[in-house]
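my_file_3.txt (compact mmCIF, C-alpha atoms)
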```txt
# COMPACT_ATOMS: atom_id res chain seq x y z
CA MET A 1 86.88 132.19 100.27
CA SER A 2 84.01 131.99 97.76
CA ARG A 3 83.75 128.70 95.95
CA LEU A 4 81.41 126.61 93.81
CA LEU A 5 81.43 123.02 92.62
CA ILE A 6 79.96 122.51 89.14
CA SER A 7 78.50 119.02 88.87
CA ALA A 8 75.74 117.22 86.99
CA ALA A 9 73.17 114.45 87.35
CA HIS A 10 75.22 112.28 85.00
CA LYS A 11 78.32 112.52 82.84
CA SER A 12 78.29 114.19 79.42
CA SER A 13 75.92 116.89 80.56
CA GLY A 14 78.11 119.71 79.27
CA LYS A 15 79.60 120.78 82.61
CA THR A 16 83.10 121.28 81.18
CA THR A 17 81.88 123.74 78.56
CA VAL A 18 79.76 125.56 81.13
CA SER A 19 82.63 125.56 83.64
CA LEU A 20 85.18 127.06 81.25
CA GLY A 21 82.60 129.60 80.11
CA LEU A 22 82.01 130.59 83.73
CA CYS A 23 85.76 130.81 84.40
CA ALA A 24 86.26 133.06 81.39
CA ALA A 25 83.18 135.20 82.08
CA LEU A 26 84.07 135.78 85.72
CA ALA A 27 87.70 136.52 84.81
CA ALA A 28 86.46 139.03 82.23
CA ARG A 29 84.74 140.84 85.08
CA GLY A 30 88.13 141.34 86.68
CA LEU A 31 87.78 138.57 89.23
CA ALA A 32 90.66 136.25 90.07
CA VAL A 33 89.22 132.80 89.35
CA GLN A 34 91.01 129.68 90.62
CA PRO A 35 89.89 126.56 88.74
CA PHE A 36 90.08 123.00 90.06
CA LYS A 37 89.17 119.70 88.42
CA LYS A 38 88.08 116.64 90.35
CA GLY A 39 89.80 113.38 89.49
CA PRO A 40 92.57 112.40 87.09
CA ASP A 41 92.43 114.55 83.98
CA TYR A 42 94.79 116.61 81.87
CA ILE A 43 92.64 117.94 79.05
CA ASP A 44 89.78 119.64 80.91
CA PRO A 45 92.21 121.41 83.28
CA MET A 46 94.17 122.77 80.30
CA TRP A 47 90.99 124.42 78.99
CA LEU A 48 89.88 125.61 82.44
CA GLY A 49 93.30 127.07 83.22
CA ARG A 50 93.44 128.85 79.90
CA ALA A 51 89.95 130.27 80.41
CA ALA A 52 90.67 131.47 83.96
CA GLY A 53 94.22 132.66 83.35
CA ARG A 54 95.48 130.58 86.30
CA PRO A 55 96.74 126.97 86.36
CA CYS A 56 94.02 124.46 87.15
CA HIS A 57 94.78 121.97 89.94
CA ASN A 58 93.39 118.45 90.29
CA LEU A 59 91.67 117.13 93.41
CA ASP A 60 91.72 113.34 93.53
CA PHE A 61 90.61 111.13 96.43
CA HIS A 62 92.54 108.21 94.93
CA CYS A 63 95.96 109.87 95.15
CA MET A 64 95.42 112.53 97.81
CA THR A 65 94.44 112.50 101.47
CA HIS A 66 91.57 114.64 102.67
CA ALA A 67 94.09 116.96 104.29
CA GLU A 68 95.95 117.35 100.99
CA ILE A 69 92.74 118.18 99.13
CA LEU A 70 91.84 120.84 101.68
CA SER A 71 95.38 122.23 101.60
CA SER A 72 95.35 122.41 97.81
CA VAL A 73 92.06 124.30 97.74
CA GLY A 74 93.08 126.61 100.55
CA HIS A 75 96.56 127.28 99.19
CA HIS A 76 95.74 127.86 95.52
CA ALA A 77 92.43 129.67 96.07
CA GLY A 78 93.78 131.84 98.88
CA SER A 79 94.74 134.63 96.49
CA ALA A 80 91.62 134.30 94.31
CA ASP A 81 88.21 135.95 94.49
CA ILE A 82 86.41 132.70 93.75
CA ALA A 83 87.32 129.04 93.35
CA LEU A 84 85.46 127.01 90.76
CA ILE A 85 85.69 123.22 91.01
CA GLU A 86 84.55 121.16 88.04
CA GLY A 87 83.36 117.70 89.05
CA ASN A 88 83.58 114.50 87.07
CA LYS A 89 80.70 112.17 86.21
CA GLY A 90 77.48 112.68 88.17
CA LEU A 91 77.08 114.26 91.58
CA TYR A 92 76.80 110.94 93.45
CA ASP A 93 78.75 108.65 91.11
CA GLY A 94 81.76 106.96 92.66
CA LEU A 95 83.84 103.82 92.90
CA ASP A 96 82.24 102.42 96.06
CA LEU A 97 78.79 101.96 97.54
CA GLU A 98 79.23 104.84 99.97
CA GLY A 99 80.30 107.35 97.31
CA SER A 100 83.40 108.21 99.32
CA ASN A 101 85.16 109.61 96.24
CA SER A 102 82.14 111.25 94.60
CA ASN A 103 81.56 114.90 93.76
CA ALA A 104 79.14 115.01 96.68
CA ALA A 105 81.90 113.81 99.01
CA LEU A 106 84.21 116.52 97.68
CA ALA A 107 81.52 119.18 98.14
CA LYS A 108 81.01 118.12 101.75
CA LEU A 109 84.71 117.88 102.50
CA THR A 110 85.42 121.37 101.15
CA GLN A 111 82.06 122.82 102.34
CA THR A 112 81.34 123.97 98.81
CA PRO A 113 77.87 124.71 97.37
CA VAL A 114 76.96 122.72 94.26
CA VAL A 115 75.53 124.05 91.02
CA LEU A 116 74.07 121.26 88.88
CA VAL A 117 74.37 121.46 85.11
CA LEU A 118 71.35 119.54 83.81
CA ASP A 119 71.11 118.23 80.26
CA ALA A 120 67.49 119.20 79.59
CA ARG A 121 67.06 117.61 76.17
CA GLY A 122 63.63 115.97 75.94
CA MET A 123 62.67 117.00 79.48
CA THR A 124 59.74 119.01 80.81
CA ARG A 125 57.97 118.10 84.07
CA GLY A 126 60.44 115.28 84.73
CA ILE A 127 63.11 117.82 85.60
CA ALA A 128 61.50 118.35 89.02
CA PRO A 129 61.89 114.79 90.41
CA LEU A 130 65.43 114.74 89.03
CA ILE A 131 66.32 117.82 91.07
CA LEU A 132 64.35 116.70 94.13
CA GLY A 133 66.00 113.28 94.06
CA ASN A 134 69.48 114.76 93.98
CA GLN A 135 68.52 117.14 96.76
CA ALA A 136 66.98 114.47 99.01
CA PHE A 137 69.59 111.76 98.47
CA ASP A 138 72.07 113.48 100.78
CA PRO A 139 70.69 116.51 102.65
CA GLU A 140 74.24 117.45 103.71
CA VAL A 141 75.05 118.38 100.11
CA ASN A 142 74.14 122.00 99.48
CA ILE A 143 72.64 122.16 95.98
CA ALA A 144 72.56 125.92 95.59
CA GLY A 145 71.27 126.19 92.03
CA VAL A 146 70.91 124.62 88.61
CA ILE A 147 71.98 125.63 85.14
CA LEU A 148 69.78 124.18 82.41
CA ASN A 149 71.81 123.05 79.40
CA GLN A 150 71.02 121.98 75.85
CA LEU A 151 67.70 123.83 75.87
CA GLY A 152 65.61 123.59 72.71
CA GLY A 153 64.56 127.24 72.73
CA SER A 154 62.88 129.98 74.76
CA ARG A 155 59.59 128.11 75.05
CA HIS A 156 61.39 125.02 76.39
CA GLU A 157 63.30 127.15 78.88
CA SER A 158 60.11 128.88 80.12
CA LYS A 159 58.39 125.54 80.72
CA LEU A 160 61.31 124.16 82.69
CA ARG A 161 61.70 127.30 84.77
CA ALA A 162 57.99 127.18 85.67
CA VAL A 163 58.19 123.50 86.67
CA ILE A 164 61.29 124.01 88.81
CA GLU A 165 59.85 127.10 90.50
CA HIS A 166 56.59 125.30 91.26
CA TYR A 167 57.96 122.03 92.63
CA THR A 168 61.36 122.92 94.11
CA ASP A 169 63.13 125.61 96.09
CA ILE A 170 66.26 125.46 93.92
CA PRO A 171 67.00 128.62 91.90
CA VAL A 172 67.60 128.42 88.15
CA ILE A 173 70.83 130.35 87.64
CA GLY A 174 70.97 130.00 83.89
CA GLY A 175 69.51 128.45 80.77
CA VAL A 176 71.99 127.56 78.02
CA HIS A 177 70.48 126.89 74.62
CA ARG A 178 71.73 124.20 72.27
CA ASP A 179 74.34 125.82 70.04
CA LYS A 180 77.06 124.35 67.81
CA ALA A 181 79.28 127.28 68.77
CA LEU A 182 79.57 125.81 72.28
CA GLU A 183 81.02 122.53 71.05
CA ILE A 184 84.73 121.73 71.32
CA VAL A 185 86.21 119.13 68.97
CA GLU A 186 86.61 115.74 70.65
CA ARG A 187 89.09 112.93 70.22
CA HIS A 188 89.40 109.41 71.60
CA LEU A 189 90.47 110.68 75.04
CA GLY A 190 87.90 113.48 75.18
CA LEU A 191 88.29 117.11 74.17
CA VAL A 192 91.18 118.12 71.95
CA PRO A 193 93.70 119.76 74.32
CA SER A 194 93.90 123.53 74.25
CA ASN A 195 97.63 123.36 73.49
CA GLU A 196 96.75 121.78 70.11
CA ALA A 197 93.82 123.99 69.19
CA ASP A 198 95.05 126.94 67.14
CA THR A 199 91.73 128.68 67.77
CA ALA A 200 91.57 127.87 71.51
CA ASP A 201 91.39 131.50 72.64
CA THR A 202 88.78 132.30 70.01
CA LYS A 203 86.71 129.30 71.08
CA ILE A 204 86.96 130.30 74.74
CA ALA A 205 85.90 133.86 73.89
CA THR A 206 82.85 132.53 72.02
CA ILE A 207 81.85 130.25 74.90
CA ARG A 208 82.46 133.05 77.41
CA ALA A 209 80.11 135.39 75.56
CA LEU A 210 77.32 132.81 75.23
CA ILE A 211 77.56 131.70 78.87
CA ALA A 212 77.66 135.31 80.11
CA GLN A 213 74.47 136.04 78.15
CA GLN A 214 72.58 133.00 79.43
CA VAL A 215 73.79 132.61 83.03
CA ASP A 216 73.02 135.12 85.78
CA LEU A 217 76.57 135.70 87.00
CA ASP A 218 75.47 137.94 89.87
CA ARG A 219 73.19 135.22 91.18
CA LEU A 220 75.94 132.67 90.69
CA LEU A 221 78.30 134.73 92.84
CA ALA A 222 75.56 135.20 95.43
CA VAL A 223 75.13 131.45 95.97
CA ALA A 224 78.88 130.80 96.13
CA GLY A 225 79.85 129.74 99.61
CA ASP A 226 82.29 131.80 101.62
CA THR A 227 82.63 129.47 104.61
CA PRO A 228 86.15 129.67 106.06
CA LEU A 229 88.17 126.62 105.13
CA GLU A 230 90.47 125.06 107.71
CA PHE A 231 93.59 123.62 106.13
CA ALA A 232 97.25 123.01 106.81
CA PRO A 233 99.79 124.80 104.60
CA LEU A 234 101.19 122.74 101.76
CA PRO A 235 104.59 121.33 102.77
CA LEU A 236 107.39 122.72 100.65
CA ALA A 237 110.41 120.61 99.79
CA SER A 238 113.76 122.26 100.30
CA ALA A 239 116.75 121.77 98.03
CA THR A 240 118.98 124.09 100.05
CA GLY A 241 122.60 123.06 99.80
CA LYS A 242 121.97 120.56 97.02
CA ARG A 243 123.32 120.83 93.51
CA PRO A 244 120.69 122.34 91.16
CA VAL A 245 119.93 120.33 88.03
CA ARG A 246 118.43 121.21 84.66
CA ILE A 247 115.63 118.99 83.37
CA ALA A 248 114.30 119.23 79.82
CA ILE A 249 110.50 119.02 79.53
CA ALA A 250 108.87 118.18 76.18
CA ARG A 251 106.01 120.66 75.96
CA ASP A 252 104.31 121.25 72.63
CA ALA A 253 101.27 120.17 70.62
CA ALA A 254 102.26 116.49 70.89
CA PHE A 255 103.11 116.44 74.62
CA GLY A 256 101.27 118.56 77.15
CA PHE A 257 100.01 116.30 79.93
CA TYR A 258 101.68 117.66 83.06
CA TYR A 259 100.15 118.39 86.45
CA PRO A 260 101.10 121.89 87.68
CA ASP A 261 101.71 120.48 91.16
CA ASP A 262 104.22 117.97 89.78
CA LEU A 263 106.12 120.68 87.91
CA ASP A 264 106.13 122.76 91.10
CA ALA A 265 107.44 119.76 93.04
CA LEU A 266 110.29 119.27 90.55
CA GLN A 267 111.30 122.91 90.98
CA GLN A 268 111.04 122.76 94.79
CA ALA A 269 113.35 119.74 94.71
CA GLY A 270 115.98 121.80 92.94
CA ALA A 271 115.25 121.38 89.23
CA GLU A 272 115.34 124.13 86.64
CA LEU A 273 112.75 123.19 84.01
CA VAL A 274 113.81 123.80 80.41
CA MET A 275 110.98 123.45 77.89
CA PHE A 276 111.63 122.16 74.38
CA ASP A 277 109.51 121.34 71.30
CA THR A 278 109.69 117.84 69.84
CA LEU A 279 108.12 119.03 66.60
CA ARG A 280 110.40 121.98 65.85
CA ASP A 281 113.61 121.83 67.89
CA THR A 282 116.48 119.96 66.26
CA ARG A 283 118.51 119.31 69.41
CA LEU A 284 118.09 118.83 73.12
CA PRO A 285 118.97 121.77 75.34
CA GLN A 286 121.99 121.37 77.60
CA VAL A 287 120.41 119.53 80.52
CA ASP A 288 121.08 116.95 83.22
CA GLY A 289 117.81 115.06 82.82
CA LEU A 290 114.76 114.59 80.58
CA PHE A 291 111.00 114.29 81.23
CA ILE A 292 108.54 113.49 78.43
CA GLY A 293 104.96 113.44 79.67
CA GLY A 294 101.77 112.25 78.06
CA GLY A 295 99.96 113.67 75.08
CA PHE A 296 98.88 112.66 71.60
CA PRO A 297 102.00 111.61 69.67
CA GLU A 298 99.76 109.58 67.34
CA SER A 299 98.13 112.79 66.08
CA HIS A 300 101.56 114.23 65.26
CA MET A 301 103.50 111.09 64.38
CA GLN A 302 104.45 112.20 60.88
CA ALA A 303 105.93 115.45 62.18
CA LEU A 304 107.70 113.56 64.96
CA GLU A 305 109.12 111.11 62.45
CA GLN A 306 110.30 113.91 60.16
CA ASN A 307 112.28 115.51 62.99
CA LYS A 308 115.05 112.92 62.65
CA THR A 309 117.75 115.13 64.13
CA LEU A 310 115.99 115.48 67.48
CA ARG A 311 114.98 111.81 67.59
CA SER A 312 118.59 110.84 67.06
CA ALA A 313 119.79 113.29 69.69
CA ILE A 314 117.33 111.96 72.29
CA ARG A 315 118.24 108.35 71.56
CA GLN A 316 121.94 109.05 71.79
CA ALA A 317 121.56 111.03 74.99
CA ILE A 318 119.57 108.29 76.73
CA GLU A 319 121.88 105.53 75.51
CA ASN A 320 124.80 107.59 76.81
CA GLY A 321 123.23 107.64 80.26
CA LEU A 322 121.05 110.78 80.43
CA PRO A 323 118.53 110.23 83.27
CA ALA A 324 115.05 110.24 81.74
CA TYR A 325 111.45 109.67 82.72
CA ALA A 326 108.57 109.13 80.25
CA GLU A 327 104.83 108.70 80.80
CA CYS A 328 102.37 107.17 78.32
CA GLY A 329 102.74 109.41 75.24
CA GLY A 330 106.40 109.85 76.13
CA LEU A 331 106.81 106.07 76.23
CA MET A 332 105.14 105.82 72.81
CA TYR A 333 107.56 108.40 71.40
CA LEU A 334 110.58 106.53 72.75
CA ALA A 335 109.47 103.22 71.16
CA ARG A 336 110.83 101.87 67.90
CA SER A 337 107.74 102.80 65.88
CA LEU A 338 104.18 104.04 66.17
CA SER A 339 101.35 102.65 64.00
CA TRP A 340 97.87 104.09 63.60
CA HIS A 341 95.22 103.87 60.87
CA GLY A 342 97.44 101.68 58.71
CA ARG A 343 100.42 104.02 58.81
CA ARG A 344 103.72 103.28 60.56
CA CYS A 345 106.17 106.00 61.60
CA GLU A 346 109.64 105.69 63.07
CA MET A 347 110.03 107.02 66.59
CA VAL A 348 113.10 107.50 68.82
CA GLY A 349 113.90 103.80 69.09
CA VAL A 350 115.32 103.59 72.61
CA ILE A 351 112.62 101.15 73.76
CA PRO A 352 112.88 97.83 71.87
CA GLY A 353 109.21 97.56 71.00
CA ASP A 354 106.59 98.82 68.57
CA CYS A 355 103.62 100.91 69.66
CA ILE A 356 100.25 100.05 68.08
CA MET A 357 97.11 102.17 68.39
CA HIS A 358 93.84 100.28 68.91
CA ASP A 359 90.17 101.19 68.54
CA ARG A 360 89.40 100.54 72.20
CA PRO A 361 91.24 101.56 75.38
CA GLN A 362 94.01 99.16 76.35
CA GLY A 363 94.31 100.59 79.86
CA ARG A 364 91.85 102.87 81.57
CA GLY A 365 91.30 104.13 85.11
CA TYR A 366 93.09 103.97 88.41
CA VAL A 367 96.08 101.69 88.94
CA ARG A 368 98.14 100.51 91.88
CA LEU A 369 101.83 99.88 91.38
CA GLN A 370 104.37 98.14 93.58
CA GLU A 371 108.05 98.88 93.12
CA THR A 372 110.34 96.02 92.18
CA GLN A 373 114.05 95.63 92.82
CA HIS A 374 114.66 97.19 89.40
CA ALA A 375 113.10 100.57 90.32
CA PRO A 376 115.97 102.97 89.54
CA TRP A 377 115.25 106.02 91.67
CA PRO A 378 116.58 106.53 95.20
CA PRO A 379 114.07 105.21 97.75
CA GLY A 380 111.67 107.61 99.39
CA PRO A 381 110.08 107.61 102.86
CA GLN A 382 106.71 106.43 101.53
CA ALA A 383 105.48 102.87 101.04
CA ARG A 384 106.70 101.13 97.91
CA GLU A 385 103.11 100.63 96.69
CA PHE A 386 101.21 103.64 95.40
CA ALA A 387 98.23 104.82 93.36
CA ALA A 388 98.39 106.23 89.84
CA HIS A 389 96.17 106.31 86.74
CA GLU A 390 96.29 105.30 83.08
CA PHE A 391 94.31 105.96 79.92
CA HIS A 392 95.81 104.69 76.69
CA TYR A 393 94.57 103.28 73.41
CA SER A 394 98.01 102.01 72.46
CA GLY A 395 99.94 98.91 73.40
CA LEU A 396 103.55 97.79 73.03
CA GLU A 397 104.32 94.77 70.84
CA ASN A 398 107.46 92.84 69.88
CA LEU A 399 109.09 93.59 73.22
CA SER A 400 112.27 91.86 74.25
CA ASP A 401 111.85 89.10 76.87
CA SER A 402 114.85 90.38 78.80
CA LEU A 403 113.41 93.74 79.83
CA HIS A 404 113.44 94.87 83.46
CA PHE A 405 110.41 96.60 84.96
CA ALA A 406 110.24 99.07 87.83
CA TYR A 407 106.70 98.19 88.87
CA ALA A 408 104.47 95.20 89.41
CA VAL A 409 100.87 96.08 88.51
CA LYS A 410 98.52 95.31 91.41
CA ARG A 411 95.56 96.96 89.69
CA GLY A 412 95.34 98.14 86.10
CA THR A 413 97.02 97.21 82.85
CA GLY A 414 100.38 98.93 82.53
CA ILE A 415 102.48 97.49 79.73
CA ASP A 416 101.43 93.84 79.76
CA GLY A 417 98.87 93.49 82.54
CA ARG A 418 101.54 92.49 85.05
CA HIS A 419 104.34 95.04 84.69
CA ASP A 420 104.87 98.71 84.07
CA GLY A 421 107.89 100.97 83.99
CA ILE A 422 110.48 99.78 81.49
CA VAL A 423 113.99 100.36 82.88
CA MET A 424 116.79 100.82 80.35
CA HIS A 425 120.07 102.71 80.76
CA ARG A 426 118.89 105.51 83.10
CA LEU A 427 115.40 105.64 81.56
CA LEU A 428 112.14 104.82 83.33
CA ALA A 429 109.18 104.69 80.91
CA CYS A 430 105.66 103.68 81.90
CA TYR A 431 102.06 103.90 80.77
CA SER A 432 100.90 104.98 84.22
CA HIS A 433 100.71 108.66 85.14
CA MET A 434 102.04 109.44 88.61
CA ARG A 435 101.10 112.31 90.90
CA ASP A 436 103.44 113.88 93.41
CA THR A 437 101.49 113.58 96.65
CA ALA A 438 102.17 112.40 100.20
CA GLN A 439 101.72 108.77 99.19
CA HIS A 440 104.42 109.02 96.50
CA HIS A 441 106.76 112.02 96.19
CA TRP A 442 108.17 110.90 92.85
CA ALA A 443 109.45 114.35 91.78
CA ALA A 444 112.06 114.67 94.54
CA ARG A 445 113.20 111.10 93.91
CA PHE A 446 113.64 111.72 90.19
CA VAL A 447 115.51 114.97 90.81
CA GLU A 448 117.81 113.19 93.26
CA PHE A 449 118.35 110.44 90.67
CA VAL A 450 119.35 113.09 88.14
CA ARG A 451 121.58 114.78 90.71
CA GLN A 452 123.38 111.55 91.58
CA ALA A 453 124.00 110.85 87.90
CA CYS A 454 125.80 114.18 87.63
CA THR A 455 128.33 113.41 90.35
```
Rewrite the structure from the file as structure tokens, please.
Amino acid sequence: MSRLLISAAHKSSGKTTVSLGLCAALAARGLAVQPFKKGPDYIDPMWLGRAAGRPCHNLDFHCMTHAEILSSVGHHAGSADIALIEGNKGLYDGLDLEGSNSNAALAKLTQTPVVLVLDARGMTRGIAPLILGNQAFDPEVNIAGVILNQLGGSRHESKLRAVIEHYTDIPVIGGVHRDKALEIVERHLGLVPSNEADTADTKIATIRALIAQQVDLDRLLAVAGDTPLEFAPLPLASATGKRPVRIAIARDAAFGFYYPDDLDALQQAGAELVMFDTLRDTRLPQVDGLFIGGGFPESHMQALEQNKTLRSAIRQAIENGLPAYAECGGLMYLARSLSWHGRRCEMVGVIPGDCIMHDRPQGRGYVRLQETQHAPWPPGPQAREFAAHEFHYSGLENLSDSLHFAYAVKRGTGIDGRHDGIVMHRLLACYSHMRDTAQHHWAARFVEFVRQACT
């Protein structure tokens, strides 16, 4: 199983652009490329998956055990020619002193060679100690090559190649020159998601061509590790004998933040997923439950407001008892209103509160949630405290004092710093994003909640 981990010396080095270019270039050669993304992220995986032609899966030490990470890599990459893992932040950056959740830790766990993408702007001879330091810091990490990024021209590239060849034993696999054509439009949460970019495929094709010209793909494949990976098969939930249910999923330019593993888990638990468009559809499909994930409703709030028929249908369905789950952007959509840049738009209105966008993040990073007595879903076998993540610039204001919450926030922000998960009717709406893993199999619990509501 050939695999590579694309990392960097520090964040914002351009590794996402290089990674999606590599995915697209290798796929264009006829190779089956399985992309992975380290950590909690929706946007980068959407681009990587689109470039590779296969869903990108997240590997996260915070929500997954080591065994689960190995199983995910082994399972999803088993039918691929090469797995490409994009790291987050720098190679050794992490939440603790030991770097137990760093890219380096992931490389060692999965026995994956590392290719460093180095932002070479303003660098000449100093590139050598940067490489040597990363190499010496943990000799167990196999740094198999570097890709120089943001080069100022051919002369700059030649100087750096000479320095690296003279002082190190690390091969230079590519030199990517500074080029506006490689840039992807950014927004407050990072790159604009590929589901919103009308020219996403054109942009990927442009990046693919430039990366293929400037990176030695044959050498890249040569340094990719093919060490056998020992892993246990992913456990599959069984819904045999249980009533199947239909769950509507909002999936469009406004809402697209869904982990492929979570959608798989919903289906394994017995759900048929029915996609609908909040911007264009005028009614809900005939379903037993509703799931509205995260996204950027603020960027589409006028179109969402104008679709009054669907907003009314969703509100009526939830108030009539339709089981529903909403995360972050979905919560914002279900609020009374959404305000941004001095403009206020009416939203669904199920949640008695107003959503306000701010200039700075209101909640960011990993969270820990503990279920309260108001948590509506059937209990699962796992502990009632679990890990999740949040990243939102909005906050809820003018909330009723009589609301019930499903979760007490042990770490993070949630809705008010102490609570998350508004519970109304059969709706659970929270700012936190959950992942279906061994520590918290939320998908099966939600499906069972929907199933029980149908009886």
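Our summary of the geometry notes that CA of Arg219 in chain A is positioned 15.1 Å from CA of Leu31 in chain A.
Taking all atoms listed in the file, the non-local environment of Pro260 in chain A within 10 Å (same-chain residues fewer than 6 positions away omitted) comprises Pro45, Pro55, Cys56, His57, Asn58 and Leu266 of chain A.
With distances taken over all atoms listed in the file, A:Ala248 is the one residue among A:Ile170, A:Phe255, A:Gln111, A:Ala248 lying closest to Val274 in chain A.
Take the candidates A:Tyr167, A:Tyr366, A:Trp442, A:Tyr42 and check each one against Ser194 in chain A using only C-alpha atoms; the shortest distance goes to A:Tyr42.
Rounded to one decimal, CA of Glu397 in chain A and CA of Arg336 in chain A lie 10.1 Å from each other.
Distance check against Thr282 in chain A using all atoms listed in the file: of A:Ile127, A:Val141, A:Ile314, A:Leu263, the minimum falls on A:Ile314.
Pairwise distance (CA of Phe61 in chain A, CA of Ala239 in chain A) equals 28.3 Å.
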Counting only C-alpha atoms, the option among A:Gly329, A:Gly225, A:Pro35, A:Gly14 closest to Ile184 in chain A: A:Gly14
Range 349-361 of chain A environment, 9 Å, all atoms listed in the file, sequence neighbours closer than 4 positions dropped, as number ranges by chain: A: 188, 298, 311-312, 314-316, 318-319, 331-341, 344, 391-400, 403, 422, 424, 429
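If you measure from each of A:Pro323, A:Gly289, A:Gly342, A:Pro40 to Phe257 in chain A using only C-alpha atoms, the closest one turns out to be A:Pro40.
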Protein and nucleic acid residues near (69.1, 123.6, 76.1) (cut-off 7 Å, only C-alpha atoms) as a count of residues only: 12
Minimum-distance residue to Pro379 in chain A, chosen among A:Ala444, A:Ala313, A:Pro171, A:Gln306 (using all atoms listed in the file): A:Ala444
Contacts of Phe386 in chain A at 8 Å (all atoms listed in the file; same-chain gap of 3+ positions) as a ChimeraX atom specification: /A:368-370,383,439-440
Residues within 10 Å of (103.6, 122.6, 94.0), counting all atoms listed in the file, listed as a PyMOL selection string: chain A and resi 57+72+75-76+234-237+259-268+436-437
Contacts of Val215 in chain A within 9 Å, only C-alpha atoms, excl. fewer than 2 positions in-chain, as a ChimeraX atom specification: /A:22,147,173-176,210-213,217-220
Ser71 in chain A: which residues within 12 Å, counting all atoms listed in the file, same-chain residues fewer than 4 positions away excluded, as a PDB file with C-alpha atoms, in the frame of the given file?
```pdb
ATOM      1  CA  HIS A  57      94.780 121.970  89.940  1.00  0.00           C
ATOM      2  CA  LEU A  59      91.670 117.130  93.410  1.00  0.00           C
ATOM      3  CA  MET A  64      95.420 112.530  97.810  1.00  0.00           C
ATOM      4  CA  THR A  65      94.440 112.500 101.470  1.00  0.00           C
ATOM      5  CA  HIS A  66      91.570 114.640 102.670  1.00  0.00           C
ATOM      6  CA  ALA A  67      94.090 116.960 104.290  1.00  0.00           C
ATOM      7  CA  HIS A  75      96.560 127.280  99.190  1.00  0.00           C
ATOM      8  CA  HIS A  76      95.740 127.860  95.520  1.00  0.00           C
ATOM      9  CA  ALA A  77      92.430 129.670  96.070  1.00  0.00           C
ATOM     10  CA  GLY A  78      93.780 131.840  98.880  1.00  0.00           C
ATOM     11  CA  LEU A 109      84.710 117.880 102.500  1.00  0.00           C
ATOM     12  CA  THR A 110      85.420 121.370 101.150  1.00  0.00           C
ATOM     13  CA  LEU A 229      88.170 126.620 105.130  1.00  0.00           C
ATOM     14  CA  GLU A 230      90.470 125.060 107.710  1.00  0.00           C
ATOM     15  CA  PHE A 231      93.590 123.620 106.130  1.00  0.00           C
ATOM     16  CA  ALA A 232      97.250 123.010 106.810  1.00  0.00           C
ATOM     17  CA  PRO A 233      99.790 124.800 104.600  1.00  0.00           C
ATOM     18  CA  LEU A 234     101.190 122.740 101.760  1.00  0.00           C
ATOM     19  CA  PRO A 235     104.590 121.330 102.770  1.00  0.00           C
ATOM     20  CA  THR A 437     101.490 113.580  96.650  1.00  0.00           C
TER      21      THR A 437
END
```
